[in-house]
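Novice: What follows is the file final17.tsv, containing TSV, C-alpha atoms:
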```
chain	number	residue	atom	x	y	z
F	1	ARG	CA	85.35	177.65	172.21
F	2	GLN	CA	86.86	178.07	168.74
F	3	GLN	CA	89.49	180.37	170.20
F	4	LYS	CA	90.31	177.77	172.84
F	5	GLN	CA	90.62	175.03	170.19
F	6	ALA	CA	92.93	177.23	168.15
F	7	THR	CA	95.03	177.93	171.25
F	8	ASP	CA	95.20	174.22	172.08
F	9	ALA	CA	96.26	173.43	168.50
F	10	ASN	CA	98.97	176.07	168.62
F	11	THR	CA	100.17	174.73	171.97
F	12	LEU	CA	100.41	171.19	170.57
F	13	SER	CA	102.21	172.45	167.47
F	14	ALA	CA	104.70	174.39	169.57
F	15	LYS	CA	105.24	171.37	171.80
F	16	ALA	CA	105.90	169.13	168.78
F	17	MET	CA	108.39	171.62	167.42
F	18	GLY	CA	110.07	171.96	170.80
F	19	ASP	CA	110.32	168.19	171.17
F	20	ALA	CA	111.83	167.94	167.69
F	21	TRP	CA	114.44	170.58	168.53
F	22	ARG	CA	115.35	168.84	171.78
F	23	VAL	CA	115.72	165.43	170.12
F	24	THR	CA	117.80	166.87	167.30
F	25	GLY	CA	120.06	168.72	169.71
F	26	THR	CA	120.52	165.65	171.90
F	27	VAL	CA	121.45	163.43	168.95
F	28	LEU	CA	123.95	165.96	167.60
F	29	ALA	CA	125.50	166.46	171.02
F	30	ALA	CA	125.85	162.69	171.47
F	31	LEU	CA	127.64	162.49	168.14
F	32	GLY	CA	129.87	165.43	168.95
F	33	LEU	CA	128.50	167.39	166.00
F	34	LYS	CA	127.55	171.00	165.56
F	35	ALA	CA	124.94	172.45	163.25
F	36	THR	CA	123.87	175.91	162.22
F	37	ILE	CA	120.53	177.37	163.31
F	38	GLY	CA	119.25	176.92	159.77
F	39	GLU	CA	120.21	173.25	159.70
F	40	LEU	CA	118.59	172.68	163.09
F	41	ALA	CA	115.42	174.39	161.90
F	42	ARG	CA	115.27	172.19	158.78
F	43	MET	CA	115.78	169.04	160.87
F	44	ALA	CA	113.10	170.12	163.33
F	45	ASP	CA	110.69	170.82	160.47
F	46	ALA	CA	111.43	167.37	159.02
F	47	ALA	CA	110.80	165.71	162.40
F	48	VAL	CA	107.44	167.45	162.79
F	49	ASN	CA	106.51	166.58	159.19
F	50	ILE	CA	107.33	162.91	159.73
F	51	GLU	CA	105.25	162.73	162.90
F	52	SER	CA	102.33	164.55	161.29
F	53	ARG	CA	102.26	162.18	158.31
F	54	LEU	CA	102.43	159.06	160.47
F	55	ARG	CA	99.74	160.39	162.80
F	56	LEU	CA	97.31	160.32	159.85
F	57	VAL	CA	97.76	156.55	159.38
F	58	THR	CA	98.00	155.43	163.01
F	59	GLY	CA	95.25	155.16	165.57
F	60	SER	CA	96.93	156.22	168.81
F	61	SER	CA	100.02	157.87	170.26
F	62	GLU	CA	101.37	154.45	171.25
F	63	GLU	CA	100.88	153.10	167.74
F	64	LEU	CA	102.48	156.22	166.28
F	65	ALA	CA	105.55	155.83	168.48
F	66	ARG	CA	105.86	152.13	167.64
F	67	VAL	CA	105.56	152.60	163.87
F	68	GLN	CA	107.90	155.59	163.85
F	69	GLY	CA	110.52	153.64	165.84
F	70	GLN	CA	110.30	150.60	163.59
F	71	LEU	CA	110.55	152.67	160.42
F	72	PHE	CA	113.56	154.50	161.81
F	73	ARG	CA	115.31	151.20	162.51
F	74	VAL	CA	114.49	149.94	159.01
F	75	ALA	CA	115.90	153.12	157.47
F	76	GLN	CA	119.04	152.91	159.59
F	77	ASP	CA	119.64	149.22	158.89
F	78	ALA	CA	119.14	149.61	155.14
F	79	ARG	CA	120.87	153.04	155.00
F	80	VAL	CA	118.02	154.78	153.18
F	81	ASN	CA	116.49	158.22	153.72
F	82	PHE	CA	114.14	158.04	156.71
F	83	GLN	CA	111.81	160.82	155.56
F	84	SER	CA	111.40	159.26	152.10
F	85	LEU	CA	110.74	155.84	153.64
F	86	VAL	CA	108.05	157.35	155.88
F	87	GLY	CA	106.47	158.82	152.75
F	88	THR	CA	106.43	155.40	151.09
F	89	TYR	CA	104.91	153.78	154.17
F	90	THR	CA	102.14	156.36	154.59
F	91	GLN	CA	101.15	156.16	150.93
F	92	MET	CA	101.09	152.35	151.09
F	93	SER	CA	98.95	152.52	154.22
F	94	ARG	CA	96.42	154.78	152.51
F	95	ALA	CA	96.42	152.72	149.30
F	96	THR	CA	95.72	149.50	151.21
F	97	LYS	CA	93.17	150.82	153.69
F	98	GLU	CA	90.33	148.87	152.07
F	99	LEU	CA	92.40	145.70	151.54
F	100	GLY	CA	92.67	144.86	155.22
F	101	ILE	CA	96.47	144.58	155.20
F	102	ASP	CA	97.70	144.81	158.77
F	103	GLN	CA	100.42	147.12	160.02
F	104	THR	CA	102.96	144.35	160.62
F	105	THR	CA	102.66	143.24	156.99
F	106	LEU	CA	103.03	146.82	155.76
F	107	LEU	CA	106.15	147.32	157.85
F	108	GLY	CA	107.56	144.07	156.44
F	109	ILE	CA	106.93	145.25	152.87
F	110	THR	CA	108.54	148.59	153.70
F	111	LYS	CA	111.59	146.70	154.97
F	112	THR	CA	111.75	144.72	151.71
F	113	ILE	CA	111.57	147.95	149.70
F	114	SER	CA	114.39	149.57	151.69
F	115	GLN	CA	116.62	146.49	151.41
F	116	ALA	CA	116.01	146.17	147.67
F	117	VAL	CA	116.86	149.85	147.23
F	118	THR	CA	120.17	149.34	149.05
F	119	ILE	CA	121.03	146.18	147.08
F	120	SER	CA	120.49	148.18	143.88
F	121	GLY	CA	123.58	150.17	144.83
F	122	GLY	CA	122.70	153.54	143.36
F	123	SER	CA	123.45	156.94	144.85
F	124	ALA	CA	121.50	158.27	147.82
F	125	ALA	CA	119.83	160.80	145.53
F	126	SER	CA	118.67	158.16	143.03
F	127	ALA	CA	117.39	155.92	145.85
F	128	GLU	CA	115.44	158.80	147.34
F	129	ALA	CA	114.01	159.71	143.94
F	130	ALA	CA	112.85	156.12	143.40
F	131	LEU	CA	111.16	156.03	146.80
F	132	VAL	CA	109.36	159.28	146.05
F	133	GLN	CA	108.15	157.96	142.68
F	134	LEU	CA	107.07	154.66	144.24
F	135	SER	CA	105.11	156.62	146.87
F	136	GLN	CA	103.35	158.55	144.13
F	137	GLY	CA	102.46	155.30	142.41
F	138	PHE	CA	100.89	153.96	145.60
F	139	ALA	CA	99.00	157.24	146.03
F	140	SER	CA	97.52	157.04	142.54
F	141	GLY	CA	96.74	153.33	142.80
F	142	THR	CA	98.89	152.28	139.81
F	143	LEU	CA	102.59	152.26	139.01
F	144	ARG	CA	103.19	153.58	135.51
F	145	GLY	CA	105.08	156.06	133.33
F	146	GLU	CA	107.74	158.13	135.04
F	147	GLU	CA	107.09	156.42	138.37
F	148	LEU	CA	107.73	152.93	137.03
F	149	ASN	CA	110.68	154.07	134.91
F	150	SER	CA	112.32	155.58	137.98
F	151	VAL	CA	112.02	152.29	139.87
F	152	LEU	CA	113.27	150.25	136.89
F	153	GLU	CA	116.26	152.48	136.20
F	154	GLN	CA	117.33	153.68	139.63
F	155	THR	CA	116.50	150.67	141.81
F	156	PRO	CA	116.69	147.60	139.54
F	157	ARG	CA	116.63	145.12	142.44
F	158	LEU	CA	113.33	146.59	143.61
F	159	ALA	CA	111.90	146.26	140.10
F	160	GLN	CA	113.17	142.68	139.97
F	161	ALA	CA	111.52	141.90	143.32
F	162	ILE	CA	108.18	143.19	142.03
F	163	ALA	CA	108.52	141.24	138.78
F	164	GLN	CA	109.55	137.99	140.47
F	165	GLY	CA	106.76	138.26	143.03
F	166	MET	CA	104.31	138.48	140.13
F	167	GLY	CA	105.97	135.70	138.17
F	168	LYS	CA	106.92	138.15	135.41
F	169	THR	CA	110.06	139.45	133.75
F	170	THR	CA	111.04	143.11	134.12
F	171	GLY	CA	110.13	143.53	130.44
F	172	GLU	CA	106.63	142.23	131.13
F	173	LEU	CA	106.48	144.52	134.15
F	174	ARG	CA	107.27	147.50	131.95
F	175	ALA	CA	104.51	146.46	129.53
F	176	LEU	CA	101.98	146.19	132.36
F	177	GLY	CA	102.96	149.65	133.53
F	178	ALA	CA	102.60	151.09	130.03
F	179	ALA	CA	99.10	149.63	129.84
F	180	GLY	CA	98.18	151.09	133.23
F	181	ALA	CA	97.60	147.56	134.51
F	182	LEU	CA	100.16	147.47	137.33
F	183	THR	CA	98.11	148.20	140.43
F	184	ALA	CA	99.34	149.16	143.88
F	185	GLU	CA	97.73	145.99	145.22
F	186	GLN	CA	99.71	143.80	142.80
F	187	VAL	CA	102.94	145.57	143.70
F	188	LEU	CA	102.35	145.13	147.42
F	189	TYR	CA	101.59	141.43	147.25
F	190	ALA	CA	104.54	140.86	144.88
F	191	LEU	CA	106.92	142.56	147.30
F	192	GLN	CA	105.51	140.52	150.15
F	193	LYS	CA	106.24	137.30	148.23
F	194	SER	CA	109.78	138.45	147.38
F	195	GLY	CA	110.60	139.55	150.92
F	196	ALA	CA	112.53	136.45	152.03
F	197	ALA	CA	114.69	136.37	148.89
F	198	VAL	CA	115.52	140.06	149.17
F	199	GLU	CA	116.42	139.76	152.85
F	200	ALA	CA	118.64	136.74	152.22
F	201	GLU	CA	120.53	138.72	149.61
F	202	PHE	CA	120.70	141.81	151.83
F	203	THR	CA	122.25	139.90	154.75
F	204	LYS	CA	125.19	138.89	152.51
F	205	MET	CA	126.14	142.54	152.01
F	206	THR	CA	128.95	144.03	154.10
```
Could you take the file, read its structure, and then write that structure out as structure tokens?

Specialist:
Amino acid sequence: RQQKQATDANTLSAKAMGDAWRVTGTVLAALGLKATIGELARMADAAVNIESRLRLVTGSSEELARVQGQLFRVAQDARVNFQSLVGTYTQMSRATKELGIDQTTLLGITKTISQAVTISGGSAASAEAALVQLSQGFASGTLRGEELNSVLEQTPRLAQAIAQGMGKTTGELRALGAAGALTAEQVLYALQKSGAAVEAEFTKMT
């Protein structure tokens, strides 16, 4: 039985990898682009990694497909790194599991984060770094130290959205972080409150 389970797991893994390769190849062909075998392998690995991470925070294949599709559209619309955005979403989902925040609300907060990152206007590398640090903050339950500094310095509009949603200044936000008093729950609800203002500003961008 154990051997059969291992075989089934390997079959599913191979299928996921094959699907990722086919999707990647189709997209590149549609765009008239070519890629090396190494680049294709990295993209396929990334696709499998994204699906695996989302599978841990979704309850069914249908839910997985829906969340993955919505996150992809958010990333495309806001021009942020899809894999990093998935990381932020999955960490938020885990951090809020006991708070009863529904998936639609989480996706809305993720959209606000991505739009605020784009409004901040930094480089792709700095935006990705900020998303990674924000994800780590959600994972630990508090946003502090290097994680908070990264958000403040590399994505100032995101920091402003958090501060405004809490009725604080960015200086007060920094002080809360230094004291270890800026919780993931506070950050989430602050971003939810700031969502409309961030989106209104984002829509004015070319």

Novice: Show which residues sit within 6 Å of F:Gly165, as a ChimeraX atom specification. Count all atoms listed in the file, and ignore same-chain residues fewer than 6 positions away.

Specialist: /F:190,193-194

Novice: Which residues are close to F:Gln154, i.e. within 8 Å by all atoms listed in the file, leaving aside same-chain residues fewer than 3 positions away? Reply as a ChimeraX atom specification.

Specialist: /F:120,122,126-127,130,150-151

Novice: Just want the 12 Å neighbourhood of F:Thr206, counted on all atoms listed in the file, with same-chain residues fewer than 3 positions away dropped. Output as a PyMOL selection string.

Specialist: chain F and resi 77-78+118-119+201-203

Novice: Provide the atom CA of F:Val57 to atom CA of F:Ser135 distance in Å, to one decimal place.

Specialist: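 Atom-to-atom, atom CA of F:Val57 and atom CA of F:Ser135 are spaced 14.5 Å apart.
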
Novice: Between F:Arg157, F:Lys111, F:Arg174, F:Arg144, which has the minimum distance to F:Phe72 (counting all atoms listed in the file)?

Specialist: F:Lys111

Novice: List as a PDB file with C-alpha atoms, in the frame of the given file the protein and nucleic acid residues near F:Leu71, meaning an atom at most 12 Å away when all atoms listed in the file are counted, but skip any in the same chain fewer than 4 places from it.

Specialist:
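Saved as around00.pdb:
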```
ATOM      1  CA  ILE F  50     107.330 162.910 159.730  1.00  0.00           C
ATOM      2  CA  GLU F  51     105.250 162.730 162.900  1.00  0.00           C
ATOM      3  CA  LEU F  54     102.430 159.060 160.470  1.00  0.00           C
ATOM      4  CA  LEU F  64     102.480 156.220 166.280  1.00  0.00           C
ATOM      5  CA  ALA F  65     105.550 155.830 168.480  1.00  0.00           C
ATOM      6  CA  ARG F  66     105.860 152.130 167.640  1.00  0.00           C
ATOM      7  CA  VAL F  67     105.560 152.600 163.870  1.00  0.00           C
ATOM      8  CA  ALA F  75     115.900 153.120 157.470  1.00  0.00           C
ATOM      9  CA  GLN F  76     119.040 152.910 159.590  1.00  0.00           C
ATOM     10  CA  ASP F  77     119.640 149.220 158.890  1.00  0.00           C
ATOM     11  CA  ALA F  78     119.140 149.610 155.140  1.00  0.00           C
ATOM     12  CA  ARG F  79     120.870 153.040 155.000  1.00  0.00           C
ATOM     13  CA  VAL F  80     118.020 154.780 153.180  1.00  0.00           C
ATOM     14  CA  ASN F  81     116.490 158.220 153.720  1.00  0.00           C
ATOM     15  CA  PHE F  82     114.140 158.040 156.710  1.00  0.00           C
ATOM     16  CA  GLN F  83     111.810 160.820 155.560  1.00  0.00           C
ATOM     17  CA  SER F  84     111.400 159.260 152.100  1.00  0.00           C
ATOM     18  CA  LEU F  85     110.740 155.840 153.640  1.00  0.00           C
ATOM     19  CA  VAL F  86     108.050 157.350 155.880  1.00  0.00           C
ATOM     20  CA  GLY F  87     106.470 158.820 152.750  1.00  0.00           C
ATOM     21  CA  THR F  88     106.430 155.400 151.090  1.00  0.00           C
ATOM     22  CA  TYR F  89     104.910 153.780 154.170  1.00  0.00           C
ATOM     23  CA  THR F  90     102.140 156.360 154.590  1.00  0.00           C
ATOM     24  CA  GLN F 103     100.420 147.120 160.020  1.00  0.00           C
ATOM     25  CA  THR F 104     102.960 144.350 160.620  1.00  0.00           C
ATOM     26  CA  LEU F 106     103.030 146.820 155.760  1.00  0.00           C
ATOM     27  CA  LEU F 107     106.150 147.320 157.850  1.00  0.00           C
ATOM     28  CA  GLY F 108     107.560 144.070 156.440  1.00  0.00           C
ATOM     29  CA  ILE F 109     106.930 145.250 152.870  1.00  0.00           C
ATOM     30  CA  THR F 110     108.540 148.590 153.700  1.00  0.00           C
ATOM     31  CA  LYS F 111     111.590 146.700 154.970  1.00  0.00           C
ATOM     32  CA  THR F 112     111.750 144.720 151.710  1.00  0.00           C
ATOM     33  CA  ILE F 113     111.570 147.950 149.700  1.00  0.00           C
ATOM     34  CA  SER F 114     114.390 149.570 151.690  1.00  0.00           C
TER      35      SER F 114
END
```

Novice: Tell me, in Å to one decimal, how far atom CA of F:Ala200 is from atom CA of F:Gln70.

Specialist: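 These atoms are spaced 19.8 Å apart.
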
Novice: If I take atom CA of F:Gln160 and atom CA of F:Gln136, how far is one from the other in Å, to one decimal?

Specialist: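 So the answer is 19.1 Å.
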